[in-house]
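Below is data_38.txt, which holds compact mmCIF, C-alpha atoms.
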# COMPACT_ATOMS: atom_id res chain seq x y z
CA MET A 11 -17.18 15.81 -18.49
CA LYS A 12 -18.11 14.70 -15.02
CA ILE A 13 -17.09 11.48 -13.32
CA VAL A 14 -18.54 10.41 -9.98
CA THR A 15 -16.92 7.86 -7.67
CA ILE A 16 -19.32 6.10 -5.31
CA CYS A 17 -18.84 4.23 -2.04
CA GLY A 18 -20.83 3.70 1.12
CA ALA A 19 -19.59 6.72 3.05
CA GLY A 20 -18.44 9.05 0.27
CA ILE A 21 -14.97 9.17 1.78
CA GLY A 22 -12.19 6.63 1.94
CA SER A 23 -12.66 4.24 -0.93
CA SER A 24 -14.45 6.70 -3.21
CA GLY A 25 -11.67 9.16 -2.35
CA ILE A 26 -9.03 6.67 -3.46
CA LEU A 27 -10.93 6.17 -6.72
CA LYS A 28 -11.19 9.93 -7.23
CA VAL A 29 -7.47 10.48 -6.69
CA ASN A 30 -6.49 7.65 -9.01
CA ALA A 31 -9.07 8.57 -11.66
CA GLU A 32 -7.61 12.09 -11.75
CA ARG A 33 -4.12 10.64 -12.17
CA VAL A 34 -5.28 8.39 -15.02
CA LEU A 35 -7.16 11.22 -16.75
CA GLN A 36 -4.04 13.35 -16.65
CA ARG A 37 -2.02 10.47 -18.10
CA LEU A 38 -4.58 10.05 -20.89
CA GLY A 39 -4.58 13.79 -21.55
CA LEU A 40 -8.28 14.08 -20.69
CA THR A 41 -10.04 16.72 -18.63
CA ALA A 42 -12.93 15.91 -16.33
CA THR A 43 -14.33 16.86 -12.97
CA VAL A 44 -14.17 13.94 -10.57
CA VAL A 45 -16.46 13.99 -7.53
CA ALA A 46 -16.50 11.48 -4.67
CA ALA A 47 -19.94 10.82 -3.17
CA ASP A 48 -21.82 8.32 -1.04
CA ILE A 49 -24.40 5.91 -2.39
CA ALA A 50 -27.24 7.81 -0.72
CA SER A 51 -26.52 10.91 -2.81
CA VAL A 52 -25.79 9.23 -6.14
CA GLY A 53 -29.10 10.30 -7.73
CA ARG A 54 -28.36 13.98 -7.10
CA VAL A 55 -24.59 14.05 -7.56
CA ALA A 56 -24.48 11.82 -10.61
CA ALA A 57 -27.50 13.29 -12.43
CA ASP A 58 -25.19 15.08 -14.90
CA ALA A 59 -22.32 12.59 -14.84
CA GLN A 60 -21.05 10.68 -17.86
CA VAL A 61 -19.29 7.99 -15.85
CA ILE A 62 -19.80 6.44 -12.41
CA LEU A 63 -16.84 4.52 -10.95
CA THR A 64 -17.68 2.11 -8.15
CA SER A 65 -17.51 -1.43 -6.75
CA ALA A 66 -19.73 -4.30 -7.85
CA GLU A 67 -21.61 -4.05 -4.52
CA PHE A 68 -23.14 -0.68 -5.47
CA VAL A 69 -24.28 -1.33 -9.04
CA GLU A 70 -27.78 -2.44 -8.06
CA ALA A 71 -28.23 0.40 -5.57
CA ILE A 72 -27.14 2.99 -8.16
CA GLY A 73 -30.11 1.89 -10.26
CA PRO A 74 -31.11 3.31 -13.63
CA THR A 75 -28.81 6.09 -14.81
CA ARG A 76 -27.69 7.68 -18.06
CA ALA A 77 -24.08 7.43 -16.91
CA ASP A 78 -21.81 4.52 -17.77
CA VAL A 79 -21.41 2.51 -14.56
CA VAL A 80 -17.86 1.16 -14.46
CA VAL A 81 -16.91 -1.45 -11.85
CA ILE A 82 -13.36 -1.28 -10.54
CA GLU A 83 -11.88 -4.34 -8.84
CA ASN A 84 -8.47 -3.11 -7.70
CA TYR A 85 -8.66 0.56 -6.69
CA PHE A 86 -4.90 0.91 -6.76
CA ASP A 87 -4.38 -0.58 -10.21
CA THR A 88 -4.17 2.52 -12.39
CA ASP A 89 -3.80 0.30 -15.49
CA GLU A 90 -7.21 -1.30 -14.83
CA LEU A 91 -8.67 2.15 -14.23
CA SER A 92 -7.06 3.51 -17.36
CA VAL A 93 -8.36 0.73 -19.67
CA LYS A 94 -11.89 0.89 -18.24
CA LEU A 95 -12.08 4.68 -18.20
CA GLU A 96 -10.82 4.94 -21.75
CA ALA A 97 -13.39 2.37 -22.90
CA ALA A 98 -16.20 4.25 -21.15
CA ILE A 99 -15.19 7.66 -22.41
CA GLY A 100 -13.93 6.72 -25.85
CA MET B 4 -5.42 16.34 6.41
CA SER B 5 -2.17 14.73 5.50
CA LEU B 6 -1.49 11.22 6.70
CA PRO B 7 -1.31 11.42 10.47
CA ALA B 8 1.96 10.19 11.90
CA LEU B 9 1.28 6.61 12.87
CA ALA B 10 1.62 6.16 16.60
CA ASP B 11 2.77 2.79 17.90
CA ARG B 12 -0.72 2.24 19.28
CA ALA B 13 -2.17 2.62 15.77
CA ILE B 14 -0.12 -0.23 14.33
CA VAL B 15 -0.95 -3.85 15.19
CA LEU B 16 1.23 -6.52 13.63
CA HIS B 17 0.31 -10.15 12.92
CA ALA B 18 -2.91 -10.02 14.89
CA ARG B 19 -5.37 -12.88 15.01
CA ALA B 20 -8.92 -12.39 13.77
CA HIS B 21 -11.36 -15.25 13.30
CA ASP B 22 -13.57 -13.39 10.84
CA TRP B 23 -13.92 -10.08 9.00
CA ARG B 24 -15.81 -8.42 11.86
CA ALA B 25 -12.98 -9.20 14.24
CA ALA B 26 -10.47 -7.89 11.69
CA VAL B 27 -12.35 -4.59 11.25
CA ARG B 28 -12.77 -4.36 15.02
CA LEU B 29 -8.99 -4.62 15.47
CA ALA B 30 -8.52 -1.66 13.14
CA GLY B 31 -11.27 0.21 15.02
CA ASP B 32 -9.73 -0.62 18.40
CA ALA B 33 -6.39 0.76 17.18
CA LEU B 34 -8.10 4.03 16.20
CA VAL B 35 -9.73 4.15 19.65
CA GLU B 36 -6.37 3.38 21.29
CA SER B 37 -4.73 6.23 19.42
CA GLY B 38 -7.40 8.56 20.79
CA CYS B 39 -9.06 9.41 17.48
CA THR B 40 -12.39 7.64 17.69
CA THR B 41 -14.89 6.17 20.09
CA ALA B 42 -16.05 2.55 20.05
CA GLU B 43 -19.18 3.70 18.18
CA TYR B 44 -17.03 4.49 15.15
CA THR B 45 -15.77 0.91 15.12
CA GLU B 46 -19.37 -0.33 15.06
CA ALA B 47 -20.15 2.15 12.26
CA MET B 48 -17.27 0.72 10.21
CA ILE B 49 -18.68 -2.78 10.64
CA ARG B 50 -22.17 -1.53 9.77
CA MET B 51 -20.87 -0.16 6.44
CA VAL B 52 -20.03 -3.72 5.41
CA ASP B 53 -23.29 -5.13 6.81
CA ASP B 54 -25.20 -2.52 4.82
CA HIS B 55 -23.23 -2.46 1.58
CA GLY B 56 -21.17 -5.63 1.36
CA PRO B 57 -17.43 -6.24 1.31
CA TYR B 58 -16.64 -3.29 -1.01
CA ILE B 59 -14.07 -2.01 1.49
CA VAL B 60 -11.74 -4.72 0.18
CA ILE B 61 -10.50 -2.32 -2.46
CA ALA B 62 -7.43 -4.22 -3.63
CA PRO B 63 -6.11 -7.78 -3.37
CA GLY B 64 -5.43 -8.45 0.31
CA LEU B 65 -6.39 -4.97 1.57
CA ALA B 66 -9.49 -3.71 3.38
CA LEU B 67 -9.97 0.03 3.93
CA ALA B 68 -12.28 0.17 6.93
CA HIS B 69 -14.01 3.51 7.39
CA ALA B 70 -17.31 5.18 8.15
CA ARG B 71 -18.72 8.67 7.91
CA PRO B 72 -17.28 11.59 9.86
CA GLY B 73 -19.36 12.30 12.96
CA SER B 74 -19.35 12.88 16.67
CA ASP B 75 -17.61 9.52 17.17
CA VAL B 76 -14.48 10.93 15.46
CA ARG B 77 -12.28 13.14 17.62
CA CYS B 78 -9.36 13.63 15.25
CA ASP B 79 -8.13 12.51 11.85
CA GLY B 80 -6.63 9.11 12.24
CA LEU B 81 -5.26 6.06 10.55
CA SER B 82 -4.55 2.59 11.85
CA VAL B 83 -2.84 -0.41 10.29
CA VAL B 84 -3.53 -4.01 11.26
CA THR B 85 -1.75 -6.96 9.67
CA LEU B 86 -3.27 -10.38 10.13
CA ALA B 87 -1.39 -13.51 11.14
CA GLN B 88 -3.92 -15.55 9.16
CA PRO B 89 -5.67 -14.09 6.09
CA VAL B 90 -9.42 -13.49 6.54
CA GLU B 91 -12.24 -13.87 3.99
CA PHE B 92 -14.48 -10.83 3.63
CA GLY B 93 -16.59 -12.40 0.88
CA HIS B 94 -15.17 -10.19 -1.88
CA ALA B 95 -15.36 -11.65 -5.38
CA HIS B 96 -11.84 -10.68 -6.42
CA ASN B 97 -9.73 -9.34 -3.59
CA ASP B 98 -10.02 -11.95 -0.84
CA PRO B 99 -8.38 -13.01 1.39
CA VAL B 100 -7.47 -9.92 3.39
CA ARG B 101 -4.06 -9.67 5.04
CA VAL B 102 -4.00 -5.95 5.85
CA VAL B 103 -6.77 -3.78 7.31
CA ILE B 104 -6.39 0.00 7.25
CA GLY B 105 -8.69 1.95 9.57
CA LEU B 106 -9.46 5.49 8.45
CA ALA B 107 -11.25 8.22 10.40
CA GLY B 108 -11.71 11.87 9.55
CA VAL B 109 -13.47 14.72 11.30
CA ALA B 110 -14.59 16.28 8.01
CA PRO B 111 -15.33 14.70 4.61
CA ASP B 112 -13.00 16.89 2.58
CA ALA B 113 -10.11 16.49 4.96
CA HIS B 114 -9.88 12.86 3.95
CA LEU B 115 -8.77 13.52 0.43
CA GLU B 116 -5.23 14.53 1.13
CA ALA B 117 -4.79 11.48 3.35
CA VAL B 118 -6.27 9.12 0.79
CA ALA B 119 -4.07 10.69 -1.89
CA GLN B 120 -1.08 9.71 0.19
CA LEU B 121 -2.50 6.22 0.70
CA ALA B 122 -2.91 5.99 -3.06
CA ASN B 123 0.73 7.06 -3.48
CA ALA B 124 1.85 4.24 -1.23
CA PHE B 125 -0.45 1.53 -2.57
CA ASN B 126 -0.22 2.31 -6.28
CA ASN B 127 3.03 0.42 -5.84
CA ALA B 128 1.73 -3.14 -6.18
CA ASP B 129 4.42 -4.43 -3.81
CA ALA B 130 3.15 -2.35 -0.89
CA ILE B 131 0.34 -4.66 0.32
CA PRO B 132 2.43 -7.86 0.47
CA ALA B 133 5.27 -5.86 2.00
CA LEU B 134 2.94 -4.52 4.70
CA ALA B 135 1.55 -7.99 5.39
CA GLU B 136 5.08 -9.26 5.94
CA ALA B 137 6.35 -6.28 7.92
CA THR B 138 7.81 -7.21 11.29
CA THR B 139 8.40 -3.75 12.76
CA ARG B 140 6.28 -0.62 13.05
CA ASP B 141 9.01 1.41 11.40
CA GLU B 142 8.77 -0.85 8.37
CA VAL B 143 5.03 -0.11 8.21
CA ARG B 144 5.68 3.63 8.45
CA ALA B 145 8.29 3.45 5.70
CA ILE B 146 5.96 1.54 3.36
CA LEU B 147 3.10 4.00 3.92
CA THR B 148 5.29 7.00 3.20
CA GLY B 149 6.41 5.41 -0.07
CA GLY B 150 9.74 4.14 1.17
CA ALA B 151 8.86 0.50 0.48
CA PRO B 152 11.72 -1.57 -0.83
CA ALA B 153 10.98 -2.44 -4.46
Would you mind writing the file's structure down as C-alpha cells?
Amino acid sequence: MKIVTICGAGIGSSGILKVNAERVLQRLGLTATVVAADIASVGRVAADAQVILTSAEFVEAIGPTRADVVVIENYFDTDELSVKLEAAIG
Amino acid sequence: MSLPALADRAIVLHARAHDWRAAVRLAGDALVESGCTTAEYTEAMIRMVDDHGPYIVIAPGLALAHARPGSDVRCDGLSVVTLAQPVEFGHAHNDPVRVVIGLAGVAPDAHLEAVAQLANAFNNADAIPALAEATTRDEVRAILTGGAPA
C-alpha cells in the first residue's frame, strides 16, 4: 500500500504528516509506504497511491484520482489521523 | 538534519504582527537573523500561502511557515515566533495563530529528521499553548526538545 502526503512545498507540513502517518500505521499494525510530495508532483507521485493525506486547501488542486483523498485538520493529532486512515484503508 | 540548536536570534517572544503576512515575515526575519536564509526565502514563505491558502496552519494555534529548498537557504534552520496578539490566517479550523515556526532546509530529504523531532514535540497537545505562553528562550528550547511540563 502506498500513502502520499501532499503540501505546497513537499517538505515541512507534508513531512509532519508523513512522520505521523507512519507512527499511526505502526500503532494500527499496518504496513505502507508513505511518501511526502508537493502539489505540483501529485499526479506522478500519487498515480499508484491508495490514500492521499492533505489539507482542505489542496483537494481541488489534486483533482480526479483513484486514491482516497483524506483531509487532516490537526497534523499533530494522531487520534484524528488514526480514525481517518483506518476508515480510508479499512 | 536534526533540529538545529535554536540560537537566541531565532526565537522571538510575544512579538506584534498586524496580519498573517507580518507574522510569517517575523519568522522569516528570525531565520535571516540566524544566518540561515536570505530575505527572498521569507518572501517565498509568504508566496506559499498566497498560492495555496492558509494550509501552513497545521494545528490549532500553530503555523509552520516554510518554502522549498533553494539558493535562498544557506543552512538548515528553524525559528520560533510567539505572538502577543493571536493572528487570523483564514484557516477553517486552526485559527487564530499564536505560534509561528519558520523552517528552512538546504535539501528536501534533510527536513524529515527535523520535522520528526517537531512532531515529537507537538504530538503533545500541551506544547502549542505552552510555547505561546513561554516567557524565556530556554522554556521554548525545552518545549521543542520534548521537555514541556505536562
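Here the question is which of B:Ala10, B:Ile59, B:Ala137, B:Val100 gets nearest to chain A using only C-alpha atoms, and that residue is B:Ile59.
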Restricting the calculation to all atoms listed in the file: of B:Ala42, B:Leu115, B:Val83, B:Val27, which residue gets closest to chain A?
B:Leu115
Compile the contact shell of stretch 48-55 of chain A as a PyMOL selection string: residues with an atom at most 8 Å away, counting only C-alpha atoms, same-chain residues fewer than 2 positions apart removed.
chain A and resi 14+16-21+24+46+57-59+68+71-72
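The smallest atom-to-atom distance between chain B and any of A:Ala56, A:Leu91, A:Ile26, A:Met11, using all atoms listed in the file, is found for A:Ile26.
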Atomic distance atom CA of B:Met48 - atom CA of B:Arg144, expressed in Å with one decimal:
23.2 Å
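Among the candidate residues A:Leu40, A:Leu35, A:Val93, A:Val29, the one lying nearest to chain B is A:Val29, with distances computed using only C-alpha atoms.
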Enumerate, in order of chain and increasing residue number, the residues of chain B with an atom no farther than 10 Å from chain A, each with its shortest atom pair and distance in Å to one decimal, counting all atoms listed in the file, as CSV.
residue,atom,partner,partner_atom,distance
B:Met48,CA,A:Ala19,CA,9.6
B:Met51,CA,A:Gly18,CA,6.6
B:Val52,CA,A:Gly18,CA,8.6
B:Asp54,CA,A:Gly18,CA,8.5
B:His55,CA,A:Glu67,CA,6.5
B:Gly56,CA,A:Glu67,CA,6.1
B:Pro57,CA,A:Glu67,CA,7.5
B:Tyr58,CA,A:Ser65,CA,6.1
B:Ile59,CA,A:Ser23,CA,6.8
B:Val60,CA,A:Asn84,CA,8.7
B:Ile61,CA,A:Tyr85,CA,5.4
B:Ala62,CA,A:Asn84,CA,4.3
B:Pro63,CA,A:Asn84,CA,6.8
B:Leu65,CA,A:Asn84,CA,9.7
B:Ala66,CA,A:Ser23,CA,9.6
B:Leu67,CA,A:Ser23,CA,7.0
B:Ala68,CA,A:Gly22,CA,8.2
B:His69,CA,A:Gly22,CA,6.5
B:Ala70,CA,A:Ala19,CA,5.8
B:Arg71,CA,A:Ala19,CA,5.3
B:Pro72,CA,A:Ala19,CA,8.7
B:His94,CA,A:Glu67,CA,9.3
B:Ala95,CA,A:Glu83,CA,8.8
B:His96,CA,A:Glu83,CA,6.8
B:Asn97,CA,A:Glu83,CA,7.6
B:Gly105,CA,A:Gly22,CA,9.6
B:Leu106,CA,A:Gly22,CA,7.2
B:Ala107,CA,A:Gly22,CA,8.7
B:Gly108,CA,A:Ile21,CA,8.8
B:Ala110,CA,A:Ile21,CA,9.5
B:Pro111,CA,A:Ile21,CA,6.2
B:Asp112,CA,A:Ile21,CA,8.0
B:Ala113,CA,A:Ile21,CA,9.3
B:His114,CA,A:Ile21,CA,6.7
B:Leu115,CA,A:Gly25,CA,5.9
B:Glu116,CA,A:Gly25,CA,9.1
B:Ala117,CA,A:Gly22,CA,9.0
B:Val118,CA,A:Ile26,CA,5.6
B:Ala119,CA,A:Val29,CA,5.9
B:Gln120,CA,A:Ile26,CA,9.3
B:Leu121,CA,A:Ile26,CA,7.8
B:Ala122,CA,A:Ile26,CA,6.2
B:Asn123,CA,A:Phe86,CA,9.0
B:Ala124,CA,A:Phe86,CA,9.3
B:Phe125,CA,A:Phe86,CA,6.1
B:Asn126,CA,A:Phe86,CA,4.9
B:Asn127,CA,A:Phe86,CA,8.0
B:Ala128,CA,A:Asp87,CA,7.8
